[in-house]
file my_file08.tsv (TSV, C-alpha atoms)
chain	number	residue	atom	x	y	z
A	1	MET	CA	41.83	2.98	-43.14
A	2	ASN	CA	43.32	1.11	-40.26
A	3	MET	CA	41.52	-0.45	-37.31
A	4	SER	CA	42.10	2.38	-34.83
A	5	THR	CA	40.71	5.02	-37.19
A	6	ALA	CA	37.55	2.95	-37.64
A	7	SER	CA	37.09	2.54	-33.89
A	8	TYR	CA	37.85	6.25	-33.42
A	9	ILE	CA	35.04	7.22	-35.81
A	10	PHE	CA	32.77	4.54	-34.37
A	11	GLY	CA	33.20	5.99	-30.86
A	12	ILE	CA	32.36	9.51	-31.98
A	13	VAL	CA	29.36	8.43	-34.05
A	14	SER	CA	27.97	6.39	-31.12
A	15	ALA	CA	28.33	9.33	-28.75
A	16	LEU	CA	26.68	11.69	-31.24
A	17	LEU	CA	23.88	9.19	-31.76
A	18	ILE	CA	23.16	9.13	-28.01
A	19	LEU	CA	23.06	12.92	-27.85
A	20	VAL	CA	20.92	13.25	-30.99
A	21	VAL	CA	18.36	10.74	-29.71
A	22	VAL	CA	18.20	12.35	-26.24
A	23	ILE	CA	17.94	15.89	-27.60
A	24	GLU	CA	15.36	14.88	-30.18
A	25	MET	CA	13.23	13.22	-27.50
A	26	LEU	CA	13.55	16.32	-25.33
A	27	ARG	CA	12.58	18.53	-28.27
A	28	ARG	CA	9.45	16.49	-28.97
A	29	GLY	CA	8.46	16.43	-25.34
A	30	ARG	CA	8.87	12.67	-25.05
A	31	LEU	CA	11.40	13.06	-22.26
A	32	ARG	CA	11.34	15.54	-19.42
A	33	GLU	CA	14.49	17.54	-18.67
A	34	ARG	CA	14.84	16.16	-15.17
A	35	HIS	CA	14.93	12.60	-16.49
A	36	ALA	CA	17.28	13.48	-19.32
A	37	VAL	CA	20.11	14.87	-17.19
A	38	TRP	CA	21.96	11.61	-16.75
A	39	TRP	CA	21.57	10.65	-20.41
A	40	VAL	CA	22.99	13.98	-21.53
A	41	VAL	CA	25.88	13.57	-19.09
A	42	ALA	CA	26.52	10.08	-20.50
A	43	GLY	CA	26.39	11.37	-24.08
A	44	VAL	CA	28.76	14.27	-23.42
A	45	LEU	CA	31.25	12.07	-21.57
A	46	ALA	CA	31.15	9.54	-24.42
A	47	LEU	CA	31.73	12.31	-26.94
A	48	ILE	CA	34.72	13.73	-25.03
A	49	ALA	CA	36.24	10.28	-24.64
A	50	GLY	CA	35.53	9.58	-28.31
A	51	VAL	CA	37.06	12.76	-29.73
A	52	PHE	CA	40.00	12.93	-27.33
A	53	PRO	CA	40.89	9.36	-26.34
A	54	SER	CA	43.86	10.76	-24.45
A	55	THR	CA	41.50	12.29	-21.86
A	56	LEU	CA	40.31	8.80	-21.02
A	57	ALA	CA	43.87	7.54	-20.67
A	58	TRP	CA	44.74	10.56	-18.54
A	59	ALA	CA	41.69	10.14	-16.31
A	60	ALA	CA	42.43	6.43	-15.89
A	61	ARG	CA	46.02	7.19	-14.86
A	62	PHE	CA	44.77	9.89	-12.53
A	63	VAL	CA	42.55	7.51	-10.56
A	64	GLY	CA	45.07	4.68	-10.84
A	65	ILE	CA	43.28	2.36	-13.27
A	66	GLU	CA	45.73	0.61	-15.57
A	67	VAL	CA	43.46	-0.17	-18.50
A	68	PRO	CA	41.54	2.97	-19.63
A	69	THR	CA	38.62	0.89	-20.92
A	70	ASN	CA	37.98	-0.29	-17.39
A	71	LEU	CA	37.36	3.30	-16.35
A	72	LEU	CA	34.93	3.58	-19.26
A	73	PHE	CA	33.06	0.47	-18.08
A	74	PHE	CA	33.06	1.67	-14.50
A	75	VAL	CA	31.63	5.09	-15.37
A	76	SER	CA	29.08	3.58	-17.78
A	77	ILE	CA	27.81	1.12	-15.18
A	78	GLY	CA	27.71	3.90	-12.60
A	79	ILE	CA	25.59	6.12	-14.81
A	80	LEU	CA	23.24	3.29	-15.76
A	81	PHE	CA	22.89	2.42	-12.08
A	82	PHE	CA	21.88	5.97	-11.20
A	83	VAL	CA	19.43	6.20	-14.09
A	84	ALA	CA	17.78	2.93	-13.09
A	85	LEU	CA	17.62	3.96	-9.43
A	86	GLN	CA	16.16	7.33	-10.30
A	87	THR	CA	13.55	5.64	-12.48
A	88	SER	CA	12.59	3.29	-9.65
A	89	ALA	CA	12.29	6.17	-7.20
A	90	GLU	CA	10.16	8.09	-9.67
A	91	LEU	CA	7.98	5.02	-10.22
A	92	THR	CA	7.45	4.72	-6.47
A	93	ARG	CA	6.36	8.33	-6.23
A	94	LEU	CA	4.04	7.94	-9.20
A	95	GLU	CA	2.46	4.85	-7.67
A	96	ALA	CA	1.83	6.71	-4.43
A	97	LYS	CA	0.24	9.57	-6.35
A	98	THR	CA	-1.86	7.22	-8.48
A	99	ARG	CA	-3.05	5.46	-5.36
A	100	THR	CA	-4.11	8.72	-3.76
A	101	LEU	CA	-5.91	9.77	-6.93
A	102	ALA	CA	-7.71	6.43	-7.18
A	103	GLU	CA	-8.87	6.71	-3.58
A	104	GLN	CA	-10.13	10.24	-4.09
A	105	VAL	CA	-11.88	9.33	-7.33
A	106	ALA	CA	-13.73	6.55	-5.50
A	107	LEU	CA	-14.81	8.91	-2.72
A	108	LEU	CA	-15.83	11.68	-5.14
A	109	GLU	CA	-17.84	9.24	-7.21
A	110	LEU	CA	-19.66	8.09	-4.09
A	111	ARG	CA	-20.33	11.70	-3.11
A	112	ILE	CA	-21.71	12.58	-6.54
A	113	ARG	CA	-23.95	9.54	-6.44
A	114	GLU	CA	-25.33	10.55	-3.05
A	115	LEU	CA	-25.81	14.19	-4.07
A	116	GLU	CA	-27.67	13.14	-7.21
A	117	ALA	CA	-29.83	10.75	-5.21
A	118	THR	CA	-30.94	13.54	-2.84
A	119	LYS	CA	-31.79	16.01	-5.62
A	120	GLY	CA	-33.22	13.36	-7.92
A	121	ASP	CA	-36.77	14.13	-6.79
A	122	ASP	CA	-37.04	17.53	-8.49
A	123	LYS	CA	-35.71	16.23	-11.76
A	124	PRO	CA	-37.65	14.49	-14.51
B	1	MET	CA	-20.09	7.49	25.04
B	2	SER	CA	-17.27	7.80	22.59
B	3	SER	CA	-17.74	4.48	20.90
B	4	SER	CA	-21.42	4.28	20.02
B	5	LEU	CA	-22.50	2.54	16.83
B	6	ALA	CA	-23.77	5.76	15.23
B	7	GLU	CA	-20.25	7.21	15.38
B	8	THR	CA	-18.73	4.08	13.94
B	9	LEU	CA	-18.05	3.26	10.33
B	10	ILE	CA	-17.71	-0.35	9.26
B	11	VAL	CA	-15.24	-0.43	6.40
B	12	MET	CA	-15.36	-3.54	4.29
B	13	PRO	CA	-12.63	-3.97	1.69
B	14	ALA	CA	-13.99	-6.24	-1.03
B	15	PHE	CA	-12.28	-7.75	-4.03
B	16	ARG	CA	-14.16	-10.30	-6.12
B	17	GLU	CA	-16.65	-10.88	-3.31
B	18	GLU	CA	-19.98	-10.77	-5.17
B	19	GLY	CA	-20.77	-14.18	-3.71
B	20	ALA	CA	-20.41	-13.16	-0.06
B	21	VAL	CA	-20.57	-9.40	0.34
B	22	GLY	CA	-24.35	-9.12	0.12
B	23	ASP	CA	-24.97	-11.45	3.05
B	24	VAL	CA	-22.20	-9.89	5.11
B	25	VAL	CA	-23.62	-6.39	4.57
B	26	ARG	CA	-27.12	-7.54	5.53
B	27	GLU	CA	-25.74	-9.27	8.61
B	28	VAL	CA	-23.88	-6.13	9.71
B	29	LEU	CA	-26.97	-3.96	9.25
B	30	GLU	CA	-29.07	-6.43	11.20
B	31	LYS	CA	-26.66	-7.07	14.09
B	32	LEU	CA	-25.36	-3.51	14.40
B	33	PRO	CA	-28.32	-1.13	14.02
B	34	GLY	CA	-27.40	2.48	13.28
B	35	VAL	CA	-23.84	1.79	12.25
B	36	GLY	CA	-22.33	3.39	9.12
B	37	ILE	CA	-21.21	0.91	6.51
B	38	LEU	CA	-18.88	1.56	3.62
B	39	VAL	CA	-17.91	-1.20	1.24
B	40	VAL	CA	-14.76	-0.36	-0.70
B	41	ASP	CA	-14.81	-2.32	-3.93
B	42	ASP	CA	-11.13	-2.77	-4.70
B	43	GLY	CA	-11.46	-2.71	-8.46
B	44	SER	CA	-13.33	-6.00	-8.73
B	45	PRO	CA	-14.18	-7.14	-12.25
B	46	ASP	CA	-17.36	-8.79	-10.96
B	47	ALA	CA	-20.59	-7.37	-9.54
B	48	THR	CA	-19.28	-6.68	-6.02
B	49	THR	CA	-20.32	-3.01	-6.17
B	50	GLU	CA	-23.85	-3.73	-7.35
B	51	VAL	CA	-24.40	-6.57	-4.89
B	52	ALA	CA	-23.16	-4.52	-1.93
B	53	ARG	CA	-25.22	-1.50	-2.96
B	54	ALA	CA	-28.34	-3.61	-3.37
B	55	ALA	CA	-27.78	-5.00	0.12
B	56	GLY	CA	-27.92	-1.47	1.50
B	57	ALA	CA	-24.29	-0.40	1.89
B	58	ARG	CA	-22.65	2.76	0.65
B	59	VAL	CA	-20.04	1.67	-1.86
B	60	ALA	CA	-16.85	3.42	-2.93
B	61	THR	CA	-15.52	1.80	-6.08
B	62	LEU	CA	-11.79	2.04	-6.73
B	63	PRO	CA	-11.01	2.32	-10.44
B	64	PHE	CA	-8.40	-0.45	-10.18
B	65	ASN	CA	-7.06	-2.86	-7.59
B	66	LEU	CA	-5.00	-1.24	-4.83
B	67	GLY	CA	-4.94	-4.05	-2.29
B	68	VAL	CA	-6.45	-4.07	1.19
B	69	GLY	CA	-4.25	-1.15	2.29
B	70	GLY	CA	-5.56	1.16	-0.41
B	71	ALA	CA	-9.14	0.13	0.20
B	72	MET	CA	-8.76	0.73	3.93
B	73	ARG	CA	-7.16	4.13	3.54
B	74	THR	CA	-10.12	5.10	1.37
B	75	GLY	CA	-12.33	4.02	4.25
B	76	PHE	CA	-10.33	5.99	6.83
B	77	ARG	CA	-10.51	9.09	4.65
B	78	TYR	CA	-14.24	8.69	4.23
B	79	ALA	CA	-14.62	8.37	8.01
B	80	LEU	CA	-12.57	11.51	8.57
B	81	GLN	CA	-14.49	13.52	5.97
B	82	ASN	CA	-17.87	12.40	7.20
B	83	GLY	CA	-17.40	12.77	10.92
B	84	TYR	CA	-17.15	9.15	12.01
B	85	ARG	CA	-15.01	8.78	15.12
B	86	ASN	CA	-14.25	5.09	14.82
B	87	VAL	CA	-13.52	2.69	11.99
B	88	VAL	CA	-13.93	-1.07	12.23
B	89	GLN	CA	-12.53	-3.20	9.45
B	90	VAL	CA	-14.69	-6.21	8.65
B	91	ASP	CA	-13.74	-8.56	5.85
B	92	ALA	CA	-16.28	-8.99	3.07
B	93	ASP	CA	-15.76	-12.74	2.88
B	94	GLY	CA	-17.73	-13.41	6.03
B	95	GLN	CA	-14.78	-14.50	8.18
B	96	HIS	CA	-15.48	-11.84	10.78
B	97	ASP	CA	-18.65	-12.10	12.82
B	98	PRO	CA	-20.21	-8.61	13.12
B	99	ALA	CA	-21.46	-9.68	16.56
B	100	GLY	CA	-17.87	-9.19	17.73
B	101	VAL	CA	-17.82	-5.48	16.82
B	102	PRO	CA	-19.28	-4.13	20.12
B	103	ALA	CA	-16.57	-6.04	22.03
B	104	LEU	CA	-13.92	-4.20	19.96
B	105	LEU	CA	-15.65	-0.82	20.33
B	106	ALA	CA	-15.89	-1.25	24.10
B	107	GLN	CA	-12.08	-1.02	24.31
B	108	LEU	CA	-11.83	2.18	22.26
B	109	ASP	CA	-12.42	4.36	25.33
B	110	GLU	CA	-9.05	3.24	26.58
B	111	TYR	CA	-7.17	2.26	23.43
B	112	ASP	CA	-6.62	3.62	19.91
B	113	VAL	CA	-6.34	0.33	18.05
B	114	VAL	CA	-8.17	-2.82	19.07
B	115	MET	CA	-7.32	-6.05	17.30
B	116	GLY	CA	-9.84	-8.84	17.06
B	117	ALA	CA	-7.73	-11.93	17.65
B	118	ARG	CA	-8.74	-15.44	16.73
B	119	PHE	CA	-7.47	-17.91	19.29
B	120	ALA	CA	-7.85	-21.53	20.21
B	121	GLY	CA	-11.29	-22.30	21.50
B	122	GLU	CA	-13.28	-19.58	19.77
B	123	GLY	CA	-14.42	-20.35	16.29
B	124	ASP	CA	-13.03	-23.11	14.12
B	125	TYR	CA	-10.14	-21.40	12.46
B	126	SER	CA	-6.59	-22.71	12.65
B	127	VAL	CA	-3.31	-22.25	10.81
B	128	ARG	CA	-0.55	-24.82	10.51
B	129	GLY	CA	2.96	-25.20	9.12
B	130	PRO	CA	5.24	-22.33	8.14
B	131	ARG	CA	2.41	-19.89	8.24
B	132	ALA	CA	1.79	-20.72	11.89
B	133	TRP	CA	5.49	-20.20	12.70
B	134	ALA	CA	5.41	-16.89	10.88
B	135	VAL	CA	2.40	-15.82	12.90
B	136	LYS	CA	4.22	-16.77	16.14
B	137	VAL	CA	7.43	-14.92	15.33
B	138	LEU	CA	5.54	-11.85	14.15
B	139	SER	CA	3.42	-11.86	17.26
B	140	SER	CA	6.35	-11.89	19.65
B	141	ILE	CA	8.18	-9.08	17.82
B	142	LEU	CA	5.11	-6.90	17.39
B	143	SER	CA	4.01	-7.51	20.97
B	144	LYS	CA	7.23	-5.87	22.14
B	145	THR	CA	6.70	-2.89	19.85
B	146	ALA	CA	3.09	-2.47	20.86
B	147	LYS	CA	3.93	-3.02	24.55
B	148	THR	CA	1.06	-5.45	24.91
B	149	LYS	CA	0.56	-9.12	24.19
B	150	LEU	CA	-0.69	-9.65	20.66
B	151	THR	CA	-1.33	-13.17	19.48
B	152	ASP	CA	-2.86	-12.57	16.09
B	153	THR	CA	-1.07	-9.72	14.39
B	154	THR	CA	-2.35	-10.44	10.90
B	155	SER	CA	-5.97	-10.25	11.88
B	156	GLY	CA	-7.94	-7.98	9.58
B	157	PHE	CA	-10.66	-7.57	12.17
B	158	LYS	CA	-9.75	-4.39	14.02
B	159	ALA	CA	-11.20	-1.20	15.39
B	160	SER	CA	-9.52	2.23	15.24
B	161	GLY	CA	-10.38	5.15	17.47
B	162	PRO	CA	-10.28	8.85	16.45
B	163	ARG	CA	-6.50	9.26	16.83
B	164	ALA	CA	-5.80	6.13	14.82
B	165	VAL	CA	-8.33	7.12	12.13
B	166	ALA	CA	-6.54	10.46	11.66
B	167	LEU	CA	-3.18	8.68	11.47
B	168	PHE	CA	-4.31	5.92	9.11
B	169	ALA	CA	-6.17	8.29	6.76
B	170	GLU	CA	-2.72	9.63	5.98
B	171	HIS	CA	-0.42	6.67	6.53
B	172	TYR	CA	-2.10	3.40	5.76
B	173	PRO	CA	0.43	1.34	3.82
B	174	ALA	CA	-0.55	-0.16	0.47
B	175	GLU	CA	2.24	-2.72	0.34
B	176	TYR	CA	1.43	-6.43	0.48
B	177	LEU	CA	1.01	-7.27	4.18
B	178	GLY	CA	1.41	-3.57	4.93
B	179	ASP	CA	-2.18	-3.35	6.03
B	180	THR	CA	-1.54	-5.73	8.91
B	181	ILE	CA	2.10	-5.81	9.99
B	182	GLU	CA	3.30	-2.39	8.94
B	183	ALA	CA	0.11	-0.66	10.05
B	184	LEU	CA	0.69	-2.02	13.56
B	185	VAL	CA	4.28	-0.77	13.62
B	186	ILE	CA	3.18	2.64	12.34
B	187	ALA	CA	0.53	2.82	15.05
B	188	ALA	CA	2.98	1.79	17.76
B	189	LYS	CA	5.64	4.24	16.58
B	190	ALA	CA	3.08	7.05	16.49
B	191	GLY	CA	2.28	6.34	20.13
B	192	MET	CA	-1.09	4.64	19.66
B	193	ARG	CA	-2.32	2.45	22.48
B	194	ILE	CA	-2.95	-1.04	21.14
B	195	THR	CA	-4.76	-4.00	22.62
B	196	GLN	CA	-6.54	-7.12	21.48
B	197	VAL	CA	-9.75	-8.90	22.35
B	198	PRO	CA	-10.57	-12.50	21.49
B	199	VAL	CA	-13.15	-12.97	18.75
B	200	ALA	CA	-14.54	-15.94	16.91
B	201	MET	CA	-13.58	-16.40	13.27
B	202	ARG	CA	-15.64	-18.30	10.79
B	203	PRO	CA	-14.54	-20.13	7.68
B	204	ARG	CA	-14.82	-18.04	4.53
B	205	ALA	CA	-18.25	-17.86	3.00
B	206	ALA	CA	-16.73	-17.93	-0.49
B	207	GLY	CA	-13.30	-17.93	-2.11
B	208	VAL	CA	-10.26	-20.06	-1.31
B	209	PRO	CA	-7.70	-19.48	1.46
B	210	SER	CA	-4.03	-19.79	0.52
B	211	GLN	CA	-2.50	-22.58	2.59
B	212	ASN	CA	0.00	-24.46	0.43
B	213	PHE	CA	3.64	-24.72	1.44
B	214	VAL	CA	5.27	-22.56	-1.21
B	215	LYS	CA	2.78	-19.76	-0.66
B	216	SER	CA	3.27	-20.00	3.09
B	217	ALA	CA	7.04	-19.81	2.75
B	218	ALA	CA	6.69	-16.80	0.46
B	219	TYR	CA	4.37	-15.29	3.03
B	220	LEU	CA	6.98	-15.75	5.75
B	221	GLY	CA	9.65	-14.09	3.62
B	222	ARG	CA	7.51	-11.15	2.63
B	223	ALA	CA	6.28	-10.71	6.18
B	224	GLY	CA	9.89	-10.55	7.35
B	225	ILE	CA	10.77	-7.95	4.73
B	226	ALA	CA	7.68	-5.92	5.54
B	227	LEU	CA	8.60	-6.05	9.22
B	228	VAL	CA	12.23	-4.98	8.73
B	229	PHE	CA	11.28	-2.00	6.59
B	230	ALA	CA	8.47	-1.00	8.91
B	231	TYR	CA	11.01	-0.75	11.72
B	232	ILE	CA	13.79	1.08	9.92
B	233	ARG	CA	11.47	3.68	8.40
B	234	PRO	CA	12.04	7.06	10.04
B	235	LYS	CA	9.66	7.73	12.88
B	236	ALA	CA	9.32	11.41	12.01
B	237	SER	CA	7.50	10.59	8.78
B	238	TYR	CA	4.30	9.74	10.65
B	239	ARG	CA	2.34	12.92	11.19
B	240	THR	CA	-0.38	12.66	13.74
B	241	GLY	CA	-3.03	15.14	14.70
B	242	ASP	CA	-6.24	16.45	13.26
B	243	GLN	CA	-5.26	17.32	9.73
B	244	THR	CA	-7.88	16.36	7.20

call {"tool": "encode", "arguments": {"input": "my_file08.tsv", "output": "structure tokens"}}
result
Amino acid sequence: MNMSTASYIFGIVSALLILVVVIEMLRRGRLRERHAVWWVVAGVLALIAGVFPSTLAWAARFVGIEVPTNLLFFVSIGILFFVALQTSAELTRLEAKTRTLAEQVALLELRIRELEATKGDDKP
Amino acid sequence: MSSSLAETLIVMPAFREEGAVGDVVREVLEKLPGVGILVVDDGSPDATTEVARAAGARVATLPFNLGVGGAMRTGFRYALQNGYRNVVQVDADGQHDPAGVPALLAQLDEYDVVMGARFAGEGDYSVRGPRAWAVKVLSSILSKTAKTKLTDTTSGFKASGPRAVALFAEHYPAEYLGDTIEALVIAAKAGMRITQVPVAMRPRAAGVPSQNFVKSAAYLGRAGIALVFAYIRPKASYRTGDQT
């Protein structure tokens, strides 16, 4: 087995591993579909590039990148960037929601306390 | 009269203030008879809630710390839900003299937001170094936005009229420094009329003020960032009106 066969198999196995992990997490409900989109895209792209390395070379030529690996790095960084940005945006929205909930909990608690105080007389 | 004490809610954000909040609540009740008072305990680990309640205030206890902005928005929402026309923010650490509240309320017939500004001569409060420069720069920029001269833009002592209460119940920022700088920009962008009146400030009754150089420099930086983002935020995102 020469070096290129080993790296060929390694590429495919890595891509499959990504997809298996993502799909398994989706299946168990540990990851919501909307958050999984980019990971699935990354896994599928890695699989295509792994099985047919010529597609990577072709795509690199098409956009004018001399070394195909550079296209791979560029796309990988791009996807990771979008995933991180999406996560930050989601976190911001969650924080805003949590804040609103906390405020309403505080007000509801106060209201319950006052309601109980007014009807406390006819209770033992 | 639109700005009577009975229609006014004193909102007091309190974090770790068990040492001071009791006296401040009692002082407010004594100096401002008939006023509504809501202490918002901002997730304090100490006995702030119990102390404030024992002193005679209504207390809303946040389940965790949200910062002054979160505590104040809780207060604005409470005011809106319970029919208070005006909200006056008074700090729980005793820095703000409740005797100054009527002076703020008196301006609410004409204005939507009234800032209580500390200035030279009244009280014995002063800032120095980078923090003082920051206050100066902020003041000149915000004065232009608010179309009135503001000298103390980071003052927590302020009164909001009905229009401002409706706006802030929805859009009071929770970011660090958002409750002062960004809230002013939001108010100005939403067309609120803003003014300031001089008030005396007292030294804190308890707790330590942050005055060292590194903290002041960090303050300047964060204030700048808060200011930039407050300005570039789209104006259309601030709904005004009577939604509850």

call {"tool": "closest_atom_pairs", "arguments": {"input": "my_file08.tsv", "of": "chain A", "to": "chain B", "cutoff": "10 Å", "atoms": "all atoms listed in the file", "output": "Markdown table"}}
result
| residue | atom | partner | partner_atom | distance |
| --- | --- | --- | --- | --- |
| A:Ala96 | CA | B:Ala174 | CA | 8.8 |
| A:Thr98 | CA | B:Leu66 | CA | 9.7 |
| A:Arg99 | CA | B:Leu66 | CA | 7.0 |
| A:Thr100 | CA | B:Gly70 | CA | 8.4 |
| A:Leu101 | CA | B:Pro63 | CA | 9.7 |
| A:Ala102 | CA | B:Leu62 | CA | 6.0 |
| A:Glu103 | CA | B:Thr74 | CA | 5.4 |
| A:Gln104 | CA | B:Thr74 | CA | 7.5 |
| A:Val105 | CA | B:Leu62 | CA | 7.3 |
| A:Ala106 | CA | B:Leu62 | CA | 5.1 |
| A:Leu107 | CA | B:Ala60 | CA | 5.9 |
| A:Leu108 | CA | B:Ala60 | CA | 8.6 |
| A:Glu109 | CA | B:Ala60 | CA | 7.3 |
| A:Leu110 | CA | B:Ala60 | CA | 5.6 |
| A:Arg111 | CA | B:Ala60 | CA | 9.0 |
| A:Arg113 | CA | B:Arg58 | CA | 9.9 |
| A:Glu114 | CA | B:Arg58 | CA | 9.0 |

call {"tool": "residues_around", "arguments": {"input": "my_file08.tsv", "residues": "Arg85 in chain B", "least_positions_apart": "3", "cutoff": "9 Å", "atoms": "only C-alpha atoms", "output": "ChimeraX atom specification"}}
result
/B:2-3,7-9,79-80,160-163,165

call {"tool": "residues_around", "arguments": {"input": "my_file08.tsv", "residues": "Pro53 in chain A", "least_positions_apart": "2", "cutoff": "12 Å", "atoms": "only C-alpha atoms", "output": "PyMOL selection string"}}
result
chain A and resi 4-5+7-9+11-12+45-51+55-60+68-69+72

call {"tool": "write_last_selection", "arguments": {"input": "my_file08.tsv", "atoms": "C-alpha atoms", "output": "mmCIF file, in the coordinates of the input"}}
result
data_model
loop_
_atom_site.group_PDB
_atom_site.id
_atom_site.type_symbol
_atom_site.label_atom_id
_atom_site.label_comp_id
_atom_site.auth_asym_id
_atom_site.auth_seq_id
_atom_site.Cartn_x
_atom_site.Cartn_y
_atom_site.Cartn_z
ATOM 1 C CA SER A 4 42.100 2.380 -34.830
ATOM 2 C CA THR A 5 40.710 5.020 -37.190
ATOM 3 C CA SER A 7 37.090 2.540 -33.890
ATOM 4 C CA TYR A 8 37.850 6.250 -33.420
ATOM 5 C CA ILE A 9 35.040 7.220 -35.810
ATOM 6 C CA GLY A 11 33.200 5.990 -30.860
ATOM 7 C CA ILE A 12 32.360 9.510 -31.980
ATOM 8 C CA LEU A 45 31.250 12.070 -21.570
ATOM 9 C CA ALA A 46 31.150 9.540 -24.420
ATOM 10 C CA LEU A 47 31.730 12.310 -26.940
ATOM 11 C CA ILE A 48 34.720 13.730 -25.030
ATOM 12 C CA ALA A 49 36.240 10.280 -24.640
ATOM 13 C CA GLY A 50 35.530 9.580 -28.310
ATOM 14 C CA VAL A 51 37.060 12.760 -29.730
ATOM 15 C CA THR A 55 41.500 12.290 -21.860
ATOM 16 C CA LEU A 56 40.310 8.800 -21.020
ATOM 17 C CA ALA A 57 43.870 7.540 -20.670
ATOM 18 C CA TRP A 58 44.740 10.560 -18.540
ATOM 19 C CA ALA A 59 41.690 10.140 -16.310
ATOM 20 C CA ALA A 60 42.430 6.430 -15.890
ATOM 21 C CA PRO A 68 41.540 2.970 -19.630
ATOM 22 C CA THR A 69 38.620 0.890 -20.920
ATOM 23 C CA LEU A 72 34.930 3.580 -19.260
#

call {"tool": "atom_distance", "arguments": {"input": "my_file08.tsv", "atom1": "CA of Ala159 in chain B", "atom2": "CA of Glu50 in chain B"}}
result
26.1 Å

call {"tool": "residues_around", "arguments": {"input": "my_file08.tsv", "residues": "Met12 in chain B", "least_positions_apart": "4", "cutoff": "8 Å", "atoms": "all atoms listed in the file", "output": "list in words"}}
result
Ile37, Leu38, Val39, Val40, Met72, Gln89, Val90, Asp91 and Ala92 of chain B

call {"tool": "write_last_selection", "arguments": {"input": "my_file08.tsv", "atoms": "C-alpha atoms", "output": "tab-separated table (two decimals), in the frame of the given file"}}
result
chain	number	residue	atom	x	y	z
B	37	ILE	CA	-21.21	0.91	6.51
B	38	LEU	CA	-18.88	1.56	3.62
B	39	VAL	CA	-17.91	-1.20	1.24
B	40	VAL	CA	-14.76	-0.36	-0.70
B	72	MET	CA	-8.76	0.73	3.93
B	89	GLN	CA	-12.53	-3.20	9.45
B	90	VAL	CA	-14.69	-6.21	8.65
B	91	ASP	CA	-13.74	-8.56	5.85
B	92	ALA	CA	-16.28	-8.99	3.07

call {"tool": "residues_around", "arguments": {"input": "my_file08.tsv", "residues": "Val185 in chain B", "least_positions_apart": "4", "cutoff": "12 Å", "atoms": "all atoms listed in the file", "output": "ChimeraX atom specification"}}
result
/B:113,138-139,141-147,153,168,171-173,177-181,189-194,226-235,238

call {"tool": "write_last_selection", "arguments": {"input": "my_file08.tsv", "atoms": "C-alpha atoms", "output": "PDB file, in the coordinates of the input"}}
result
ATOM      1  CA  VAL B 113      -6.340   0.330  18.050  1.00  0.00           C
ATOM      2  CA  LEU B 138       5.540 -11.850  14.150  1.00  0.00           C
ATOM      3  CA  SER B 139       3.420 -11.860  17.260  1.00  0.00           C
ATOM      4  CA  ILE B 141       8.180  -9.080  17.820  1.00  0.00           C
ATOM      5  CA  LEU B 142       5.110  -6.900  17.390  1.00  0.00           C
ATOM      6  CA  SER B 143       4.010  -7.510  20.970  1.00  0.00           C
ATOM      7  CA  LYS B 144       7.230  -5.870  22.140  1.00  0.00           C
ATOM      8  CA  THR B 145       6.700  -2.890  19.850  1.00  0.00           C
ATOM      9  CA  ALA B 146       3.090  -2.470  20.860  1.00  0.00           C
ATOM     10  CA  LYS B 147       3.930  -3.020  24.550  1.00  0.00           C
ATOM     11  CA  THR B 153      -1.070  -9.720  14.390  1.00  0.00           C
ATOM     12  CA  PHE B 168      -4.310   5.920   9.110  1.00  0.00           C
ATOM     13  CA  HIS B 171      -0.420   6.670   6.530  1.00  0.00           C
ATOM     14  CA  TYR B 172      -2.100   3.400   5.760  1.00  0.00           C
ATOM     15  CA  PRO B 173       0.430   1.340   3.820  1.00  0.00           C
ATOM     16  CA  LEU B 177       1.010  -7.270   4.180  1.00  0.00           C
ATOM     17  CA  GLY B 178       1.410  -3.570   4.930  1.00  0.00           C
ATOM     18  CA  ASP B 179      -2.180  -3.350   6.030  1.00  0.00           C
ATOM     19  CA  THR B 180      -1.540  -5.730   8.910  1.00  0.00           C
ATOM     20  CA  ILE B 181       2.100  -5.810   9.990  1.00  0.00           C
ATOM     21  CA  LYS B 189       5.640   4.240  16.580  1.00  0.00           C
ATOM     22  CA  ALA B 190       3.080   7.050  16.490  1.00  0.00           C
ATOM     23  CA  GLY B 191       2.280   6.340  20.130  1.00  0.00           C
ATOM     24  CA  MET B 192      -1.090   4.640  19.660  1.00  0.00           C
ATOM     25  CA  ARG B 193      -2.320   2.450  22.480  1.00  0.00           C
ATOM     26  CA  ILE B 194      -2.950  -1.040  21.140  1.00  0.00           C
ATOM     27  CA  ALA B 226       7.680  -5.920   5.540  1.00  0.00           C
ATOM     28  CA  LEU B 227       8.600  -6.050   9.220  1.00  0.00           C
ATOM     29  CA  VAL B 228      12.230  -4.980   8.730  1.00  0.00           C
ATOM     30  CA  PHE B 229      11.280  -2.000   6.590  1.00  0.00           C
ATOM     31  CA  ALA B 230       8.470  -1.000   8.910  1.00  0.00           C
ATOM     32  CA  TYR B 231      11.010  -0.750  11.720  1.00  0.00           C
ATOM     33  CA  ILE B 232      13.790   1.080   9.920  1.00  0.00           C
ATOM     34  CA  ARG B 233      11.470   3.680   8.400  1.00  0.00           C
ATOM     35  CA  PRO B 234      12.040   7.060  10.040  1.00  0.00           C
ATOM     36  CA  LYS B 235       9.660   7.730  12.880  1.00  0.00           C
ATOM     37  CA  TYR B 238       4.300   9.740  10.650  1.00  0.00           C
TER      38      TYR B 238
END

call {"tool": "atom_distance", "arguments": {"input": "my_file08.tsv", "atom1": "CA of Ala36 in chain A", "atom2": "CA of Glu90 in chain A"}}
result
13.1 Å

call {"tool": "atom_distance", "arguments": {"input": "my_file08.tsv", "atom1": "CA of Arg53 in chain B", "atom2": "CA of Leu29 in chain B"}}
result
12.6 Å
